[in-house]
file final.cif (mmCIF, C-alpha atoms and all ligand atoms)
data_final
#
loop_
_atom_site.label_atom_id
_atom_site.label_comp_id
_atom_site.auth_asym_id
_atom_site.auth_seq_id
_atom_site.Cartn_x
_atom_site.Cartn_y
_atom_site.Cartn_z
CA MET A 1 164.80 7.02 -164.07
CA LEU A 2 168.08 5.11 -164.31
CA ASP A 3 168.67 2.09 -162.08
CA ALA A 4 171.75 0.01 -161.23
CA ASP A 5 171.01 -2.19 -164.22
CA PHE A 6 171.31 0.79 -166.56
CA PHE A 7 174.71 1.63 -165.08
CA ARG A 8 175.87 -1.99 -165.43
CA ARG A 9 174.77 -1.93 -169.08
CA TRP A 10 176.68 1.34 -169.55
CA MET A 11 179.88 -0.22 -168.23
CA THR A 12 179.52 -3.48 -170.19
CA ALA A 13 178.66 -1.61 -173.41
CA THR A 14 181.81 0.47 -172.90
CA ALA A 15 183.83 -2.68 -172.24
CA MET A 16 182.58 -4.12 -175.53
CA SER A 17 183.32 -1.02 -177.59
CA VAL A 18 186.76 -0.62 -176.01
CA ASP A 19 187.41 -4.24 -176.92
CA ARG A 20 186.24 -3.63 -180.49
CA GLU A 21 188.26 -0.41 -180.84
CA ALA A 22 191.37 -1.41 -178.86
CA GLU A 23 193.62 -1.63 -181.90
CA ARG A 24 192.51 1.79 -183.13
CA LEU A 25 193.07 3.36 -179.69
CA THR A 26 196.54 1.88 -179.54
CA ALA A 27 197.27 3.03 -183.09
CA LEU A 28 196.27 6.59 -182.10
CA ASP A 29 198.58 6.34 -179.08
CA SER A 30 201.47 5.29 -181.33
CA PRO A 31 202.56 8.59 -182.99
CA ILE A 32 201.98 10.77 -179.90
CA GLY A 33 202.34 8.26 -177.07
CA ASP A 34 203.63 4.80 -176.25
CA ALA A 35 201.09 2.67 -178.11
CA ASP A 36 199.34 1.20 -175.08
CA HIS A 37 196.05 3.09 -174.71
CA GLY A 38 193.92 0.37 -176.29
CA SER A 39 195.51 -2.46 -174.33
CA ASN A 40 195.41 -0.39 -171.12
CA LEU A 41 191.68 0.22 -171.36
CA GLN A 42 190.94 -3.26 -172.65
CA ARG A 43 192.57 -4.71 -169.53
CA GLY A 44 190.76 -2.19 -167.32
CA PHE A 45 187.26 -2.59 -168.72
CA THR A 46 187.57 -6.38 -168.88
CA ALA A 47 188.22 -6.22 -165.13
CA VAL A 48 185.28 -3.83 -164.70
CA ALA A 49 182.88 -6.18 -166.52
CA ALA A 50 184.12 -9.19 -164.53
CA ALA A 51 183.81 -7.39 -161.18
CA LEU A 52 180.29 -6.17 -161.97
CA GLU A 53 179.20 -9.66 -162.89
CA LYS A 54 180.64 -11.07 -159.69
CA GLU A 55 179.44 -8.41 -157.25
CA ALA A 56 176.30 -6.95 -158.91
CA PRO A 57 176.22 -3.70 -156.84
CA ALA A 58 172.67 -2.63 -155.99
CA THR A 59 172.82 1.11 -156.68
CA PRO A 60 174.02 3.32 -159.58
CA GLY A 61 176.63 4.92 -157.33
CA ALA A 62 178.03 1.58 -156.19
CA VAL A 63 178.31 0.35 -159.81
CA LEU A 64 180.46 3.34 -160.79
CA ILE A 65 182.57 3.26 -157.61
CA LEU A 66 183.38 -0.42 -158.18
CA ALA A 67 184.16 0.24 -161.86
CA GLY A 68 186.44 3.15 -160.99
CA ARG A 69 188.27 1.10 -158.40
CA GLN A 70 188.92 -1.64 -160.97
CA LEU A 71 190.31 0.85 -163.48
CA ILE A 72 192.65 2.36 -160.91
CA SER A 73 193.97 -1.03 -159.84
CA THR A 74 194.36 -2.62 -163.29
CA VAL A 75 195.38 0.14 -165.72
CA GLY A 76 199.04 1.06 -165.53
CA GLY A 77 198.98 4.19 -167.71
CA ALA A 78 197.93 7.73 -166.91
CA SER A 79 194.43 6.99 -168.16
CA GLY A 80 193.70 4.44 -165.39
CA PRO A 81 193.74 6.82 -162.42
CA LEU A 82 192.04 9.51 -164.53
CA TYR A 83 189.15 7.31 -165.73
CA GLY A 84 189.03 5.66 -162.31
CA THR A 85 188.66 9.06 -160.67
CA LEU A 86 185.99 10.04 -163.19
CA LEU A 87 183.83 7.01 -162.39
CA ARG A 88 184.45 6.96 -158.64
CA ARG A 89 183.73 10.65 -158.21
CA THR A 90 180.63 10.41 -160.40
CA GLY A 91 179.50 7.39 -158.38
CA LYS A 92 180.05 9.18 -155.08
CA ALA A 93 178.06 12.17 -156.32
CA LEU A 94 175.13 9.85 -157.10
CA GLY A 95 174.99 8.77 -153.45
CA ASP A 96 172.94 5.79 -152.28
CA ASP A 97 169.82 6.29 -154.42
CA GLY A 98 168.49 3.13 -156.05
CA GLU A 99 167.40 5.13 -159.09
CA VAL A 100 168.67 8.48 -160.38
CA SER A 101 167.34 10.96 -162.92
CA GLU A 102 169.19 11.99 -166.07
CA GLY A 103 169.60 15.40 -164.44
CA GLN A 104 171.28 13.81 -161.42
CA LEU A 105 173.59 11.87 -163.72
CA ALA A 106 174.51 15.05 -165.61
CA GLU A 107 175.33 16.83 -162.36
CA ALA A 108 177.32 13.87 -161.02
CA LEU A 109 179.30 13.49 -164.24
CA ARG A 110 180.13 17.19 -164.05
CA ALA A 111 181.63 16.56 -160.59
CA GLY A 112 183.52 13.58 -162.03
CA VAL A 113 184.98 15.57 -164.90
CA ASP A 114 185.95 18.37 -162.50
CA ALA A 115 187.81 15.78 -160.40
CA VAL A 116 189.70 14.57 -163.49
CA MET A 117 190.73 18.16 -164.24
CA ALA A 118 191.85 18.64 -160.63
CA LEU A 119 193.87 15.41 -160.66
CA GLY A 120 195.48 15.76 -164.10
CA GLY A 121 195.65 19.54 -164.30
CA ALA A 122 194.29 19.56 -167.86
CA ALA A 123 191.88 22.21 -169.13
CA PRO A 124 189.82 22.18 -172.34
CA GLY A 125 192.12 22.68 -175.35
CA ASP A 126 195.07 20.76 -173.86
CA LYS A 127 194.41 17.80 -176.20
CA THR A 128 193.27 15.25 -173.61
CA MET A 129 190.17 13.26 -172.68
CA ILE A 130 188.85 16.52 -171.19
CA ASP A 131 188.23 17.79 -174.74
CA ALA A 132 185.60 15.09 -175.24
CA LEU A 133 184.25 14.93 -171.68
CA VAL A 134 183.53 18.63 -171.09
CA PRO A 135 181.46 19.10 -174.29
CA ALA A 136 179.64 15.84 -173.54
CA VAL A 137 178.66 16.97 -170.05
CA ASP A 138 177.65 20.38 -171.42
CA ALA A 139 175.33 18.65 -173.93
CA LEU A 140 173.90 16.07 -171.54
CA ASP A 141 170.80 18.13 -170.71
CA ALA A 142 169.77 17.63 -174.35
CA GLY A 143 170.00 13.84 -173.99
CA PHE A 144 172.48 11.01 -174.39
CA GLY A 145 172.50 11.28 -178.20
CA ALA A 146 173.50 14.94 -178.02
CA ALA A 147 176.22 14.09 -175.49
CA ARG A 148 177.59 11.38 -177.77
CA ALA A 149 177.68 13.72 -180.77
CA ALA A 150 179.42 16.41 -178.69
CA ALA A 151 182.02 13.93 -177.40
CA GLU A 152 182.76 12.62 -180.91
CA GLU A 153 183.08 16.15 -182.22
CA GLY A 154 185.33 17.06 -179.29
CA ALA A 155 187.57 14.06 -179.98
CA LEU A 156 187.90 14.96 -183.67
CA ALA A 157 188.67 18.56 -182.72
CA THR A 158 191.79 17.47 -180.79
CA THR A 159 193.65 16.75 -184.06
CA PRO A 160 194.90 20.29 -184.78
CA LEU A 161 195.73 20.97 -181.12
CA GLN A 162 199.17 20.89 -179.53
CA ALA A 163 199.25 18.64 -176.46
CA ARG A 164 199.90 20.42 -173.17
CA LYS A 165 199.39 17.48 -170.80
CA GLY A 166 200.43 13.84 -170.66
CA ARG A 167 202.98 11.95 -172.73
CA ALA A 168 201.97 13.66 -176.00
CA SER A 169 203.06 17.03 -174.57
CA TYR A 170 206.70 15.86 -174.67
CA LEU A 171 206.43 16.09 -178.48
CA GLY A 172 205.58 19.79 -178.44
CA GLU A 173 204.51 20.94 -181.90
CA ARG A 174 204.95 17.44 -183.28
CA SER A 175 201.80 16.43 -181.41
CA ILE A 176 199.80 18.59 -183.84
CA GLY A 177 197.90 16.68 -186.53
CA HIS A 178 197.06 13.58 -184.50
CA GLN A 179 193.78 12.76 -182.79
CA ASP A 180 194.12 12.25 -179.04
CA PRO A 181 193.60 8.63 -177.99
CA GLY A 182 192.09 9.49 -174.60
CA ALA A 183 189.54 11.88 -176.11
CA THR A 184 188.67 9.09 -178.54
CA SER A 185 188.09 6.55 -175.77
CA SER A 186 186.08 9.12 -173.81
CA ALA A 187 183.74 9.36 -176.80
CA LEU A 188 183.30 5.57 -176.56
CA LEU A 189 182.46 5.89 -172.86
CA ILE A 190 179.81 8.53 -173.58
CA ALA A 191 178.44 6.52 -176.52
CA GLY A 192 177.97 3.69 -174.01
CA LEU A 193 175.19 5.76 -172.39
CA CYS A 194 173.20 5.57 -175.65
CA GLU A 195 173.82 1.85 -175.94
CA ALA A 196 172.67 1.30 -172.34
CA GLU A 197 169.53 3.32 -173.07
CA GLU A 198 168.79 1.43 -176.31
CA ALA A 199 169.21 -1.89 -174.51
CA ALA A 200 166.58 -0.95 -171.88
CA GLY A 201 163.85 -3.54 -171.59
CA GLU A 202 165.70 -6.18 -173.59
P1 LIG B 1 199.98 6.79 -170.82
O1 LIG B 1 200.05 8.16 -171.40
O2 LIG B 1 200.48 6.70 -169.43
O3 LIG B 1 200.56 5.75 -171.74
P2 LIG B 1 197.37 6.05 -171.81
O4 LIG B 1 198.06 5.82 -173.12
O5 LIG B 1 196.51 4.94 -171.33
O6 LIG B 1 198.40 6.46 -170.68
O7 LIG B 1 196.42 7.33 -171.94
C1 LIG B 1 196.80 8.46 -172.65
C2 LIG B 1 195.66 9.45 -172.65
O8 LIG B 1 195.44 9.92 -171.32
C3 LIG B 1 195.91 10.69 -173.47
O9 LIG B 1 195.52 10.49 -174.82
C4 LIG B 1 195.07 11.76 -172.77
O10 LIG B 1 193.77 11.85 -173.33
C5 LIG B 1 194.96 11.25 -171.37
N1 LIG B 1 195.75 12.06 -170.45
C6 LIG B 1 197.07 11.99 -170.21
N2 LIG B 1 197.45 12.88 -169.28
C7 LIG B 1 196.31 13.55 -168.92
C8 LIG B 1 196.01 14.60 -167.98
N3 LIG B 1 196.98 15.15 -167.23
N4 LIG B 1 194.72 15.02 -167.88
C9 LIG B 1 193.74 14.46 -168.64
N5 LIG B 1 193.97 13.46 -169.51
C10 LIG B 1 195.23 13.02 -169.66
MG MG B 2 199.97 5.41 -173.68
#
call {"tool": "encode", "arguments": {"input": "final.cif", "output": "structure tokens", "more": "lines below"}}
Ligand code: ADP
Ligand code: MG
result
Amino acid sequence: MLDADFFRRWMTATAMSVDREAERLTALDSPIGDADHGSNLQRGFTAVAAALEKEAPATPGAVLILAGRQLISTVGGASGPLYGTLLRRTGKALGDDGEVSEGQLAEALRAGVDAVMALGGAAPGDKTMIDALVPAVDALDAGFGAARAAAEEGALATTPLQARKGRASYLGERSIGHQDPGATSSALLIAGLCEAEEAAGE
């Protein structure tokens, strides 16, 4: 079972990897965007980590709802409301349980990803974060490692795609040949599940 501590570790592990990879995320957002994805998420997840330390929510759902709220209020770009919605909706779907199963998390994340698609209007293949998140959720029943591999593969597979949503879509065919920054950061978020699991009992 996964408790609030696991979810806090997930968010702090993601904050650390976003911090580590911020320059790369911004570099990916340079040819097909406005070169701010790394700094956007760095600001957002720094706020998430600080809020979680200050408030220490008692349930998995409350951890994700607080994290999502921080992202929405601190990230200026398109990715803030989208990631914020992902975490808030996932948190709401987890309800008030003090511990949740991996199956419950998989189901809740599915609801979160559906909410991102509803908000942003992107479908798989549009060269967005959805291209990492949907395969990850599909693989989650096979474990966090399988979800991470699927997300990383999904992010890499955005390179040959033409963007149909977000800033990159303004480039039309010129968006082809570049890996999507949001799909890349989504793979970091999913990898954070493995890191939270590995850190259990430390
Ligand atoms: P902005 O585009 O406002 O500068 P960011 O650079 O932080 O925001 O984030 C860009 C990323 O957001 C893209 O790489 C893409 O993955 C994701 N994105 C943009 N628009 C959408 C959308 N409508 N649906 C899903 N993801 C989107
Ligand atoms: Mg940008």
call {"tool": "closest_residue", "arguments": {"input": "final.cif", "among": "A:Phe45, A:Tyr170, A:Tyr83, A:Phe144", "to": "Ala196 in chain A", "atoms": "all atoms listed in the file"}}
result
A:Phe144
call {"tool": "residues_near_ligand", "arguments": {"input": "final.cif", "ligand": "ligand MG 2 (chain B)", "cutoff": "9 Å", "atoms": "only C-alpha atoms and all ligand atoms", "output": "ChimeraX atom specification"}}
result
/A:26,29-30,32-38,40,77-79,166-168,181-182
call {"tool": "closest_residue", "arguments": {"input": "final.cif", "among": "A:Asp141, A:Glu198, A:Asp97, A:Asp114", "to": "ligand LIG 1 (chain B)", "atoms": "all atoms listed in the file"}}
result
A:Asp114
call {"tool": "residues_near_point", "arguments": {"input": "final.cif", "point": "(167.0, 5.9, -161.3)", "cutoff": "10 Å", "atoms": "only C-alpha atoms", "output": "PyMOL selection string"}}
result
chain A and resi 1-7+59-60+94+97-102+104-105
call {"tool": "closest_residue", "arguments": {"input": "final.cif", "among": "A:Ala122, A:Ile130, A:Ala49, A:Ala187", "to": "Ala150 in chain A", "atoms": "only C-alpha atoms"}}
result
A:Ala187
call {"tool": "atom_distance", "arguments": {"input": "final.cif", "atom1": "CA of Arg8 in chain A", "atom2": "CA of Ala56 in chain A"}}
result
8.2 Å
call {"tool": "residues_around", "arguments": {"input": "final.cif", "residues": "Ile190 in chain A", "least_positions_apart": "5", "cutoff": "10 Å", "atoms": "all atoms listed in the file", "output": "list in words"}}
result
Trp10, Thr14, Ala132, Leu133, Ala136, Val137, Leu140, Phe144, Gly145, Ala147, Arg148, Ala149, Ala150, Ala151, Glu152, Ser185 and Glu195 of chain A
call {"tool": "atom_distance", "arguments": {"input": "final.cif", "atom1": "CA of Ala146 in chain A", "atom2": "CA of Leu87 in chain A"}}
result
20.3 Å
call {"tool": "closest_residue", "arguments": {"input": "final.cif", "among": "A:Pro57, A:Gly76, A:Gly125, A:Gly192", "to": "ligand LIG 1 (chain B)", "atoms": "all atoms listed in the file"}}
result
A:Gly76
call {"tool": "closest_residue", "arguments": {"input": "final.cif", "among": "A:Gly91, A:Pro81, A:Pro135, A:Gly143", "to": "Ala183 in chain A", "atoms": "only C-alpha atoms"}}
result
A:Pro135
call {"tool": "build_atoms", "arguments": {"input": "final.cif", "residues": "range 3-14 of chain A", "atoms": "all heavy atoms", "output": "PDB file, in the frame of the given file"}}
result
ATOM      1  N   ASP A   3     168.374   2.962-163.216  1.00  0.00           N
ATOM      2  CA  ASP A   3     168.670   2.090-162.080  1.00  0.00           C
ATOM      3  C   ASP A   3     170.070   1.457-162.207  1.00  0.00           C
ATOM      4  O   ASP A   3     170.797   1.729-163.166  1.00  0.00           O
ATOM      5  CB  ASP A   3     167.584   1.008-161.935  1.00  0.00           C
ATOM      6  CG  ASP A   3     167.489   0.149-163.192  1.00  0.00           C
ATOM      7  OD1 ASP A   3     168.340   0.273-164.088  1.00  0.00           O
ATOM      8  OD2 ASP A   3     166.536  -0.656-163.265  1.00  0.00           O
ATOM      9  N   ALA A   4     170.419   0.618-161.224  1.00  0.00           N
ATOM     10  CA  ALA A   4     171.750   0.010-161.230  1.00  0.00           C
ATOM     11  C   ALA A   4     171.988  -0.808-162.500  1.00  0.00           C
ATOM     12  O   ALA A   4     173.101  -0.854-163.031  1.00  0.00           O
ATOM     13  CB  ALA A   4     171.930  -0.878-159.996  1.00  0.00           C
ATOM     14  N   ASP A   5     170.908  -1.396-163.002  1.00  0.00           N
ATOM     15  CA  ASP A   5     171.010  -2.190-164.220  1.00  0.00           C
ATOM     16  C   ASP A   5     171.441  -1.331-165.412  1.00  0.00           C
ATOM     17  O   ASP A   5     172.248  -1.762-166.238  1.00  0.00           O
ATOM     18  CB  ASP A   5     169.644  -2.831-164.486  1.00  0.00           C
ATOM     19  CG  ASP A   5     169.812  -4.180-165.109  1.00  0.00           C
ATOM     20  OD1 ASP A   5     170.581  -4.974-164.542  1.00  0.00           O
ATOM     21  OD2 ASP A   5     169.196  -4.413-166.165  1.00  0.00           O
ATOM     22  N   PHE A   6     170.887  -0.130-165.492  1.00  0.00           N
ATOM     23  CA  PHE A   6     171.310   0.790-166.560  1.00  0.00           C
ATOM     24  C   PHE A   6     172.813   1.059-166.460  1.00  0.00           C
ATOM     25  O   PHE A   6     173.533   1.031-167.464  1.00  0.00           O
ATOM     26  CB  PHE A   6     170.526   2.111-166.464  1.00  0.00           C
ATOM     27  CG  PHE A   6     171.059   3.179-167.389  1.00  0.00           C
ATOM     28  CD1 PHE A   6     170.595   3.293-168.693  1.00  0.00           C
ATOM     29  CD2 PHE A   6     172.064   4.045-166.961  1.00  0.00           C
ATOM     30  CE1 PHE A   6     171.121   4.253-169.556  1.00  0.00           C
ATOM     31  CE2 PHE A   6     172.592   5.008-167.816  1.00  0.00           C
ATOM     32  CZ  PHE A   6     172.118   5.108-169.121  1.00  0.00           C
ATOM     33  N   PHE A   7     173.297   1.301-165.251  1.00  0.00           N
ATOM     34  CA  PHE A   7     174.710   1.630-165.080  1.00  0.00           C
ATOM     35  C   PHE A   7     175.611   0.433-165.381  1.00  0.00           C
ATOM     36  O   PHE A   7     176.707   0.584-165.924  1.00  0.00           O
ATOM     37  CB  PHE A   7     174.960   2.210-163.674  1.00  0.00           C
ATOM     38  CG  PHE A   7     174.495   3.638-163.574  1.00  0.00           C
ATOM     39  CD1 PHE A   7     173.157   3.940-163.354  1.00  0.00           C
ATOM     40  CD2 PHE A   7     175.378   4.689-163.771  1.00  0.00           C
ATOM     41  CE1 PHE A   7     172.708   5.256-163.316  1.00  0.00           C
ATOM     42  CE2 PHE A   7     174.952   6.005-163.734  1.00  0.00           C
ATOM     43  CZ  PHE A   7     173.602   6.288-163.500  1.00  0.00           C
ATOM     44  N   ARG A   8     175.112  -0.774-165.057  1.00  0.00           N
ATOM     45  CA  ARG A   8     175.870  -1.990-165.430  1.00  0.00           C
ATOM     46  C   ARG A   8     175.927  -2.120-166.940  1.00  0.00           C
ATOM     47  O   ARG A   8     176.978  -2.419-167.501  1.00  0.00           O
ATOM     48  CB  ARG A   8     175.198  -3.236-164.831  1.00  0.00           C
ATOM     49  CG  ARG A   8     175.746  -3.631-163.460  1.00  0.00           C
ATOM     50  CD  ARG A   8     175.376  -5.068-163.118  1.00  0.00           C
ATOM     51  NE  ARG A   8     173.935  -5.247-163.012  1.00  0.00           N
ATOM     52  CZ  ARG A   8     173.245  -4.965-161.900  1.00  0.00           C
ATOM     53  NH1 ARG A   8     173.859  -4.524-160.824  1.00  0.00           N
ATOM     54  NH2 ARG A   8     171.940  -5.139-161.875  1.00  0.00           N
ATOM     55  N   ARG A   9     174.790  -1.852-167.604  1.00  0.00           N
ATOM     56  CA  ARG A   9     174.770  -1.930-169.080  1.00  0.00           C
ATOM     57  C   ARG A   9     175.713  -0.881-169.671  1.00  0.00           C
ATOM     58  O   ARG A   9     176.387  -1.134-170.669  1.00  0.00           O
ATOM     59  CB  ARG A   9     173.355  -1.711-169.619  1.00  0.00           C
ATOM     60  CG  ARG A   9     172.399  -2.854-169.360  1.00  0.00           C
ATOM     61  CD  ARG A   9     171.197  -2.812-170.299  1.00  0.00           C
ATOM     62  NE  ARG A   9     170.482  -1.533-170.269  1.00  0.00           N
ATOM     63  CZ  ARG A   9     169.537  -1.212-169.376  1.00  0.00           C
ATOM     64  NH1 ARG A   9     169.186  -2.066-168.432  1.00  0.00           N
ATOM     65  NH2 ARG A   9     168.940  -0.038-169.432  1.00  0.00           N
ATOM     66  N   TRP A  10     175.779   0.294-169.059  1.00  0.00           N
ATOM     67  CA  TRP A  10     176.680   1.340-169.550  1.00  0.00           C
ATOM     68  C   TRP A  10     178.135   0.841-169.502  1.00  0.00           C
ATOM     69  O   TRP A  10     178.885   0.955-170.471  1.00  0.00           O
ATOM     70  CB  TRP A  10     176.504   2.615-168.697  1.00  0.00           C
ATOM     71  CG  TRP A  10     177.431   3.745-169.038  1.00  0.00           C
ATOM     72  CD1 TRP A  10     178.077   3.938-170.229  1.00  0.00           C
ATOM     73  CD2 TRP A  10     177.808   4.845-168.202  1.00  0.00           C
ATOM     74  NE1 TRP A  10     178.832   5.096-170.185  1.00  0.00           N
ATOM     75  CE2 TRP A  10     178.680   5.661-168.948  1.00  0.00           C
ATOM     76  CE3 TRP A  10     177.484   5.211-166.892  1.00  0.00           C
ATOM     77  CZ2 TRP A  10     179.250   6.826-168.434  1.00  0.00           C
ATOM     78  CZ3 TRP A  10     178.036   6.369-166.378  1.00  0.00           C
ATOM     79  CH2 TRP A  10     178.905   7.169-167.130  1.00  0.00           C
ATOM     80  N   MET A  11     178.489   0.255-168.386  1.00  0.00           N
ATOM     81  CA  MET A  11     179.880  -0.220-168.230  1.00  0.00           C
ATOM     82  C   MET A  11     180.173  -1.407-169.164  1.00  0.00           C
ATOM     83  O   MET A  11     181.252  -1.472-169.768  1.00  0.00           O
ATOM     84  CB  MET A  11     180.149  -0.616-166.774  1.00  0.00           C
ATOM     85  CG  MET A  11     180.163   0.578-165.808  1.00  0.00           C
ATOM     86  SD  MET A  11     181.500   1.751-166.189  1.00  0.00           S
ATOM     87  CE  MET A  11     180.574   3.114-166.880  1.00  0.00           C
ATOM     88  N   THR A  12     179.237  -2.326-169.320  1.00  0.00           N
ATOM     89  CA  THR A  12     179.520  -3.480-170.190  1.00  0.00           C
ATOM     90  C   THR A  12     179.509  -3.067-171.653  1.00  0.00           C
ATOM     91  O   THR A  12     180.296  -3.588-172.442  1.00  0.00           O
ATOM     92  CB  THR A  12     178.533  -4.658-169.941  1.00  0.00           C
ATOM     93  OG1 THR A  12     177.200  -4.161-169.957  1.00  0.00           O
ATOM     94  CG2 THR A  12     178.768  -5.313-168.609  1.00  0.00           C
ATOM     95  N   ALA A  13     178.645  -2.111-172.029  1.00  0.00           N
ATOM     96  CA  ALA A  13     178.660  -1.610-173.410  1.00  0.00           C
ATOM     97  C   ALA A  13     179.995  -0.936-173.702  1.00  0.00           C
ATOM     98  O   ALA A  13     180.576  -1.103-174.785  1.00  0.00           O
ATOM     99  CB  ALA A  13     177.503  -0.632-173.634  1.00  0.00           C
ATOM    100  N   THR A  14     180.508  -0.187-172.724  1.00  0.00           N
ATOM    101  CA  THR A  14     181.810   0.470-172.900  1.00  0.00           C
ATOM    102  C   THR A  14     182.914  -0.574-173.007  1.00  0.00           C
ATOM    103  O   THR A  14     183.813  -0.451-173.845  1.00  0.00           O
ATOM    104  CB  THR A  14     182.079   1.448-171.741  1.00  0.00           C
ATOM    105  OG1 THR A  14     180.998   2.379-171.648  1.00  0.00           O
ATOM    106  CG2 THR A  14     183.387   2.197-171.952  1.00  0.00           C
TER     107      THR A  14
END
